[in-house]
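protein.txt (compact mmCIF, C-alpha atoms)
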# COMPACT_ATOMS: atom_id res chain seq x y z
CA MET A 21 0.00 0.00 0.00
CA ARG A 22 1.37 3.41 -1.00
CA VAL A 23 1.14 6.10 1.67
CA ALA A 24 1.35 9.78 0.71
CA TYR A 25 2.04 12.81 2.87
CA GLN A 26 -1.50 13.67 3.99
CA PRO A 27 -1.62 15.62 7.27
CA PRO A 28 -5.05 15.98 8.89
CA GLY A 29 -7.48 18.83 8.37
CA GLU A 30 -6.18 22.15 7.08
CA TYR A 31 -2.61 21.62 8.31
CA GLY A 32 -0.52 23.58 5.83
CA LEU A 33 3.07 22.70 6.71
CA ASP A 34 5.40 20.44 4.70
CA VAL A 35 6.75 18.84 7.88
CA GLU A 36 4.70 17.24 10.67
CA ILE A 37 5.79 16.04 14.13
CA PHE A 38 3.69 13.78 16.34
CA THR A 39 4.03 10.89 18.80
CA VAL A 40 3.39 7.23 18.04
CA ALA A 41 0.56 7.42 20.61
CA ASP A 42 -0.99 10.22 18.53
CA LEU A 43 -0.62 8.10 15.40
CA ARG A 44 -2.49 5.22 17.01
CA GLY A 45 -5.37 7.58 17.69
CA ARG A 46 -5.47 8.81 14.08
CA VAL A 47 -5.26 5.53 12.14
CA ASP A 48 -7.06 2.24 12.72
CA ASP A 49 -5.18 -1.04 13.28
CA ALA A 50 -5.98 -2.36 9.80
CA HIS A 51 -3.77 0.38 8.33
CA PHE A 52 -0.71 -1.24 9.89
CA ARG A 53 -1.42 -4.85 8.94
CA VAL A 54 -0.10 -4.48 5.40
CA THR A 55 3.31 -3.48 4.07
CA GLN A 56 3.43 0.22 3.25
CA ARG A 57 5.55 2.10 0.73
CA ILE A 58 5.93 5.68 1.88
CA GLY A 59 6.12 8.74 -0.35
CA PHE A 60 7.88 10.95 2.19
CA HIS A 61 10.83 11.01 4.57
CA MET A 62 10.25 9.73 8.10
CA LEU A 63 12.38 9.91 11.24
CA ILE A 64 11.30 7.87 14.27
CA CYS A 65 13.02 8.29 17.64
CA VAL A 66 11.93 5.57 20.07
CA THR A 67 11.42 6.71 23.68
CA GLU A 68 9.68 3.71 25.28
CA GLY A 69 9.40 -0.05 24.73
CA HIS A 70 11.01 -2.72 22.57
CA PHE A 71 9.66 -3.97 19.24
CA ASP A 72 10.57 -5.28 15.78
CA TYR A 73 10.12 -2.96 12.82
CA THR A 74 10.40 -4.30 9.26
CA VAL A 75 12.26 -2.08 6.80
CA ASP A 76 12.58 -3.34 3.23
CA PHE A 77 11.63 -6.88 4.35
CA THR A 78 14.30 -6.99 7.07
CA ALA A 79 13.33 -6.96 10.76
CA VAL A 80 15.06 -4.31 12.87
CA GLN A 81 15.10 -4.64 16.66
CA CYS A 82 14.28 -1.30 18.26
CA ARG A 83 14.54 -0.04 21.83
CA PRO A 84 14.63 3.34 23.59
CA GLY A 85 17.21 5.44 21.76
CA SER A 86 16.68 3.75 18.38
CA LEU A 87 16.55 6.23 15.51
CA LEU A 88 14.95 5.10 12.25
CA ALA A 89 15.68 7.17 9.12
CA LEU A 90 13.22 6.07 6.45
CA ARG A 91 13.07 7.25 2.85
CA PRO A 92 10.49 7.53 0.06
CA GLY A 93 10.04 4.19 -1.68
CA GLN A 94 11.04 1.98 1.24
CA ALA A 95 8.73 -0.90 2.15
CA LEU A 96 7.75 -0.71 5.83
CA HIS A 97 5.71 -2.72 8.28
CA PHE A 98 4.88 -1.28 11.69
CA ASN A 99 4.47 -3.49 14.75
CA MET A 100 1.77 -1.47 16.46
CA GLN A 101 0.74 -4.34 18.73
CA ALA A 102 3.85 -3.94 20.87
CA ASN A 103 3.76 -1.41 23.71
CA TRP A 104 6.11 1.28 22.45
CA ASN A 105 6.14 5.02 21.91
CA GLY A 106 8.34 7.67 20.36
CA TRP A 107 8.45 10.79 18.22
CA VAL A 108 7.76 10.77 14.47
CA VAL A 109 8.97 13.45 12.05
CA ILE A 110 7.64 13.26 8.50
CA PHE A 111 8.32 15.69 5.66
CA ARG A 112 7.87 15.98 1.93
CA PRO A 113 11.02 15.25 -0.16
CA GLU A 114 10.92 18.79 -1.55
CA PHE A 115 10.89 20.36 1.93
CA LEU A 116 14.71 20.27 1.97
CA ALA A 117 14.91 21.43 -1.64
CA PRO A 118 12.90 24.63 -2.06
CA LEU A 119 12.71 25.85 -5.65
CA GLN A 120 15.30 28.57 -6.02
CA THR A 121 18.20 29.51 -8.27
CA THR A 122 20.90 29.24 -5.61
CA VAL A 123 21.55 26.57 -3.01
CA ARG A 124 23.40 27.30 0.22
CA ILE A 125 26.11 25.07 1.65
CA ASP A 126 23.95 24.15 4.66
CA GLU A 127 21.25 22.86 2.30
CA LEU A 128 23.78 20.72 0.42
CA LYS A 129 25.09 19.33 3.71
CA ALA A 130 21.57 18.54 4.92
CA HIS A 131 20.83 16.59 1.72
CA ALA A 132 24.11 14.68 2.01
CA SER A 133 23.48 13.96 5.68
CA LEU A 134 20.03 12.57 4.98
CA GLN A 135 21.25 10.29 2.20
CA ALA A 136 24.18 8.99 4.27
CA LEU A 137 22.12 7.99 7.31
CA PRO A 138 21.51 4.26 7.85
CA SER A 139 17.95 3.02 8.30
CA HIS A 140 18.66 2.34 11.97
CA MET A 141 21.10 3.76 14.48
CA ALA A 142 21.28 3.81 18.28
CA LEU A 143 21.48 7.09 20.17
CA GLU A 144 22.84 7.25 23.69
CA GLY A 145 23.29 9.84 26.43
CA GLU A 146 23.67 13.46 25.38
CA GLU A 147 23.21 12.65 21.68
CA ARG A 148 19.80 11.15 22.39
CA HIS A 149 18.73 14.08 24.58
CA ALA A 150 19.86 16.64 21.99
CA VAL A 151 17.91 14.91 19.21
CA LEU A 152 14.78 14.65 21.34
CA ASP A 153 15.06 18.29 22.43
CA THR A 154 15.16 19.41 18.80
CA ILE A 155 12.15 17.29 17.85
CA VAL A 156 10.12 18.49 20.83
CA GLN A 157 10.93 22.12 19.98
CA MET A 158 9.89 21.57 16.36
CA HIS A 159 6.62 20.04 17.57
CA ALA A 160 5.94 23.09 19.74
CA ASP A 161 6.79 25.48 16.89
CA CYS A 162 4.45 23.65 14.50
CA ALA A 163 1.60 24.50 16.89
CA SER A 164 2.68 28.10 17.43
CA GLY A 165 0.26 29.60 14.95
CA TRP A 166 2.95 31.76 13.33
CA PRO A 167 2.53 32.67 9.64
CA LEU A 168 3.55 29.81 7.34
CA ASP A 169 5.98 31.96 5.35
CA GLU A 170 7.91 32.59 8.57
CA LEU A 171 7.42 29.21 10.21
CA HIS A 172 8.56 27.11 7.24
CA PRO A 173 12.11 28.58 7.17
CA LEU A 174 12.44 28.09 10.92
CA LEU A 175 11.39 24.44 10.72
CA ARG A 176 13.63 23.87 7.72
CA HIS A 177 16.69 25.11 9.58
CA GLN A 178 15.75 23.07 12.65
CA LEU A 179 15.56 20.02 10.39
CA TYR A 180 18.97 20.89 8.86
CA SER A 181 20.41 20.99 12.38
CA LEU A 182 18.79 17.69 13.32
CA LEU A 183 20.07 15.90 10.20
CA LEU A 184 23.59 17.24 10.60
CA ARG A 185 23.65 16.15 14.24
CA LEU A 186 22.53 12.65 13.26
CA HIS A 187 25.15 12.60 10.49
CA LEU A 188 27.89 13.46 12.98
CA SER A 189 26.67 10.79 15.41
CA HIS A 190 26.64 8.20 12.63
CA GLY A 191 30.13 9.23 11.54
CA ARG A 192 31.45 8.83 15.07
CA GLN A 193 29.86 5.38 15.37
CA ALA A 194 31.21 4.33 11.98
CA ALA A 195 34.72 5.49 12.92
CA GLN A 196 34.54 3.32 16.03
CA SER A 197 33.82 0.31 13.80
CA GLY A 198 37.39 0.48 12.50
CA ALA A 199 36.70 1.63 8.93
CA SER A 200 38.97 4.46 7.75
CA VAL A 201 37.64 7.84 6.72
CA ALA A 202 38.77 7.15 3.15
CA SER A 203 36.81 3.87 3.09
CA LEU A 204 33.70 5.54 4.51
CA ASN A 205 33.85 8.31 1.90
CA ARG A 206 34.38 5.88 -0.97
CA PHE A 207 31.54 3.67 0.28
CA ARG A 208 29.13 6.63 0.42
CA ARG A 209 30.06 7.61 -3.14
CA PHE A 210 29.55 4.00 -4.22
CA GLN A 211 26.11 3.99 -2.57
CA GLN A 212 25.14 7.14 -4.45
CA LEU A 213 26.29 5.70 -7.77
CA LEU A 214 24.55 2.41 -7.10
CA GLU A 215 21.27 4.10 -6.20
CA ALA A 216 21.32 5.98 -9.50
CA ASN A 217 22.41 3.09 -11.71
CA PHE A 218 21.48 -0.32 -10.23
CA ALA A 219 18.59 -0.85 -12.67
CA HIS A 220 20.89 -0.95 -15.68
CA GLN A 221 24.43 -1.47 -14.32
CA HIS A 222 25.17 -4.70 -12.46
CA GLN A 223 28.96 -4.99 -12.79
CA VAL A 224 31.49 -4.14 -10.07
CA ALA A 225 34.00 -3.04 -12.74
CA ALA A 226 31.76 -0.20 -13.94
CA TYR A 227 31.36 1.24 -10.44
CA ALA A 228 35.07 0.88 -9.69
CA LYS A 229 35.92 2.75 -12.89
CA ALA A 230 33.48 5.56 -12.03
CA LEU A 231 35.08 5.84 -8.57
CA GLY A 232 38.61 5.81 -9.95
CA CYS A 233 39.69 2.67 -8.12
CA SER A 234 40.23 -1.03 -8.82
CA GLU A 235 37.59 -3.70 -8.33
CA ARG A 236 39.72 -5.13 -5.53
CA SER A 237 39.82 -1.76 -3.75
CA LEU A 238 36.05 -1.33 -4.05
CA THR A 239 35.44 -4.83 -2.71
CA ARG A 240 37.81 -4.17 0.18
CA THR A 241 35.85 -0.98 0.93
CA THR A 242 32.47 -2.72 1.03
CA LEU A 243 33.92 -5.48 3.20
CA ASP A 244 35.31 -2.92 5.65
CA VAL A 245 32.13 -0.85 5.88
CA ALA A 246 29.23 -3.19 5.07
CA GLY A 247 30.75 -6.60 5.72
CA VAL A 248 30.01 -7.94 2.22
CA GLN A 249 31.75 -7.94 -1.14
CA ALA A 250 30.86 -5.28 -3.70
CA LYS A 251 29.22 -7.85 -5.99
CA ALA A 252 26.93 -8.99 -3.17
CA PHE A 253 26.12 -5.39 -2.22
CA ILE A 254 25.04 -4.65 -5.80
CA ALA A 255 22.98 -7.83 -5.97
CA ALA A 256 21.25 -6.99 -2.70
CA ARG A 257 20.18 -3.58 -4.00
CA ILE A 258 18.78 -5.06 -7.21
CA ASN A 259 16.89 -7.74 -5.32
CA LEU A 260 15.56 -5.19 -2.84
CA GLU A 261 13.96 -3.25 -5.68
CA ALA A 262 12.58 -6.51 -7.06
CA LYS A 263 11.01 -7.29 -3.68
CA ARG A 264 9.46 -3.83 -3.50
CA LEU A 265 7.96 -4.19 -6.98
CA LEU A 266 6.70 -7.71 -6.29
CA ALA A 267 5.08 -6.76 -3.00
CA GLN A 268 3.72 -3.35 -3.98
CA THR A 269 2.76 -3.62 -7.67
CA ALA A 270 0.96 -5.98 -10.01
CA LEU A 271 3.68 -5.77 -12.66
CA PRO A 272 4.31 -9.11 -14.44
CA ILE A 273 7.57 -10.78 -13.49
CA ALA A 274 8.88 -10.35 -17.03
CA ALA A 275 8.24 -6.59 -16.83
CA ILE A 276 10.07 -6.39 -13.49
CA ALA A 277 13.00 -8.30 -14.98
CA GLU A 278 13.18 -5.85 -17.89
CA GLN A 279 12.88 -2.84 -15.57
CA LEU A 280 15.84 -4.13 -13.54
CA GLY A 281 18.09 -4.64 -16.56
CA PHE A 282 17.71 -8.37 -17.27
CA ASP A 283 17.47 -9.52 -20.90
CA GLU A 284 15.57 -12.68 -19.95
CA ALA A 285 13.02 -13.28 -17.22
CA ALA A 286 14.65 -16.67 -16.55
CA ASN A 287 17.94 -14.97 -15.67
CA PHE A 288 16.14 -12.63 -13.28
CA ILE A 289 14.30 -15.52 -11.59
CA LYS A 290 17.58 -17.38 -11.03
CA PHE A 291 19.25 -14.21 -9.74
CA PHE A 292 16.35 -13.48 -7.36
CA LYS A 293 16.19 -17.02 -5.95
CA ARG A 294 19.86 -16.93 -4.92
CA ASP A 295 19.12 -14.04 -2.56
CA ALA A 296 15.51 -14.55 -1.50
CA GLY A 297 15.51 -18.35 -1.32
CA CYS A 298 12.29 -18.55 -3.33
CA ALA A 299 11.00 -17.67 -6.78
CA PRO A 300 9.59 -14.18 -7.43
CA GLY A 301 6.05 -15.52 -7.73
CA GLU A 302 6.27 -17.24 -4.35
CA PHE A 303 7.67 -14.09 -2.73
CA ARG A 304 4.73 -12.11 -4.14
CA ARG A 305 2.23 -14.61 -2.75
CA GLN A 306 3.86 -14.43 0.68
CA HIS A 307 3.43 -10.65 0.77
CA LEU A 308 -0.10 -10.29 -0.55
CA PRO A 309 -2.19 -8.05 1.73
Encoding of this model in structure tokens:
Amino acid sequence: MRVAYQPPGEYGLDVEIFTVADLRGRVDDAHFRVTQRIGFHMLICVTEGHFDYTVDFTAVQCRPGSLLALRPGQALHFNMQANWNGWVVIFRPEFLAPLQTTVRIDELKAHASLQALPSHMALEGEERHAVLDTIVQMHADCASGWPLDELHPLLRHQLYSLLLRLHLSHGRQAAQSGASVASLNRFRRFQQLLEANFAHQHQVAAYAKALGCSERSLTRTTLDVAGVQAKAFIAARINLEAKRLLAQTALPIAAIAEQLGFDEAANFIKFFKRDAGCAPGEFRRQHLP
């Protein structure tokens, strides 16, 4: 099920902040029983309880301090039966990219920060309190009643600050994992290239050439940062998109194969089975609403 940015009533802002408890009061349980594909950005900061949250068909264990950074197009499944609460920040993709002829450096950094964030990270101590303080202040400002043309810039800069803080926290955590700064930077560039090209480019060599490094260096980078070889990382991204299309659309398998750059549906089916452990048709049946 596709979910668009649709705030209640006459709410006119491009960003909305609310608690999970508020969300339960706004939407019935049936809404959360099916996999959703969101059309907006969503940040969730968990404040109470433990639960599993499925992001792109992978279960993520969450607890107080968990921060989920979710993007348009991701397939999500909420566990609303568990007793948990937290803050939710949702915003339109264009909220960070207002139409204008010039773009400031803080806007560029906010975009880069958002794209570099993992789907899940753990916040502790002062980092957690700082993030929550920003979200709570944004929530209060949303209800201030100030004119939209003045309130929107304020909220946008608060969101810039929040994203940059999360980016710094993620960078610190990644550095503690042992990966070098050079590896982290190369991996982020690889992710950006892959996101733009996975549907028609499946070869490690092409990405290595675009990054100005050898295939061996790129594979070493993905092993250091993601724990898998570059070939497997590319395959996982292709299969993720296949899973999204199978679960969220009625496209024929042959059409999905073509959309993902396969000359023959049979080659796509074989490729998909290696990762998912079942044929595309069976995966679709398992995820029917």
- Message: One number please: CA of Ala142 in chain A to CA of Pro92 in chain A, in Å, one decimal.
- Response: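 Distance between the two atoms: 21.5 Å.
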- Message: Which residues are close to range 34-42 of chain A, i.e. within 12 Å by all atoms listed in the file, leaving aside same-chain residues fewer than 6 positions away? Reply as JSON, numbers by chain.
- Response: {"A": [25, 26, 27, 28, 48, 60, 61, 62, 63, 64, 65, 66, 67, 68, 69, 98, 99, 100, 101, 102, 103, 104, 105, 106, 107, 108, 109, 110, 111, 112, 113, 114, 115, 116, 117, 118, 152, 154, 155, 156, 157, 158, 159, 160, 161, 162, 163, 168, 169, 171, 172, 173, 174, 175, 176, 177, 178, 179]}
Need the shell around range 279-282 of chain A: protein/DNA/RNA residues with any atom at most 12 Å away, counting only C-alpha atoms. Skip same-chain ones fewer than 4 positions apart. Format as a tab-separated table (two decimals) with C-alpha atoms, in the frame of the given file?
chain	number	residue	atom	x	y	z
A	217	ASN	CA	22.41	3.09	-11.71
A	218	PHE	CA	21.48	-0.32	-10.23
A	219	ALA	CA	18.59	-0.85	-12.67
A	220	HIS	CA	20.89	-0.95	-15.68
A	221	GLN	CA	24.43	-1.47	-14.32
A	222	HIS	CA	25.17	-4.70	-12.46
A	223	GLN	CA	28.96	-4.99	-12.79
A	255	ALA	CA	22.98	-7.83	-5.97
A	257	ARG	CA	20.18	-3.58	-4.00
A	258	ILE	CA	18.78	-5.06	-7.21
A	259	ASN	CA	16.89	-7.74	-5.32
A	260	LEU	CA	15.56	-5.19	-2.84
A	261	GLU	CA	13.96	-3.25	-5.68
A	262	ALA	CA	12.58	-6.51	-7.06
A	263	LYS	CA	11.01	-7.29	-3.68
A	264	ARG	CA	9.46	-3.83	-3.50
A	265	LEU	CA	7.96	-4.19	-6.98
A	271	LEU	CA	3.68	-5.77	-12.66
A	272	PRO	CA	4.31	-9.11	-14.44
A	273	ILE	CA	7.57	-10.78	-13.49
A	274	ALA	CA	8.88	-10.35	-17.03
A	275	ALA	CA	8.24	-6.59	-16.83
A	286	ALA	CA	14.65	-16.67	-16.55
A	287	ASN	CA	17.94	-14.97	-15.67
A	288	PHE	CA	16.14	-12.63	-13.28
A	289	ILE	CA	14.30	-15.52	-11.59
A	290	LYS	CA	17.58	-17.38	-11.03
A	291	PHE	CA	19.25	-14.21	-9.74
A	292	PHE	CA	16.35	-13.48	-7.36
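Of the residues listed (A:Leu143, A:Arg53, A:Gly85, A:Ala226), A:Leu143 shows the shortest atom-to-atom separation from Gln193 in chain A; distances use only C-alpha atoms.
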- Could you check how far CA of Val80 in chain A sits from CA of Val224 in chain A, in Å to one decimal? 28.2 Å
- Expressed in Å to a single decimal, how great is the separation between CA of Ser164 in chain A and CA of Ala89 in chain A?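 Going from CA of Ser164 in chain A over to CA of Ala89 in chain A covers 26.0 Å.
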- range 194-203 of chain A: which residues within 9 Å, counting only C-alpha atoms, same-chain residues fewer than 6 positions away excluded, as a PyMOL selection string? chain A and resi 238+240-242+244-245
- Query: Which residue out of A:Ala246, A:Ala230, A:Leu87, A:Ala299 has the minimum interatomic distance to His190 in chain A when only C-alpha atoms are used?
  - Reply: A:Leu87
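The neighbours of Gln81 in chain A here are the residues that come within 7 Å of it, using all atoms listed in the file and leaving out any residue fewer than 2 positions away in the same chain; they are Phe71, Asp72, Tyr73, Ala79 and Arg83 of chain A.
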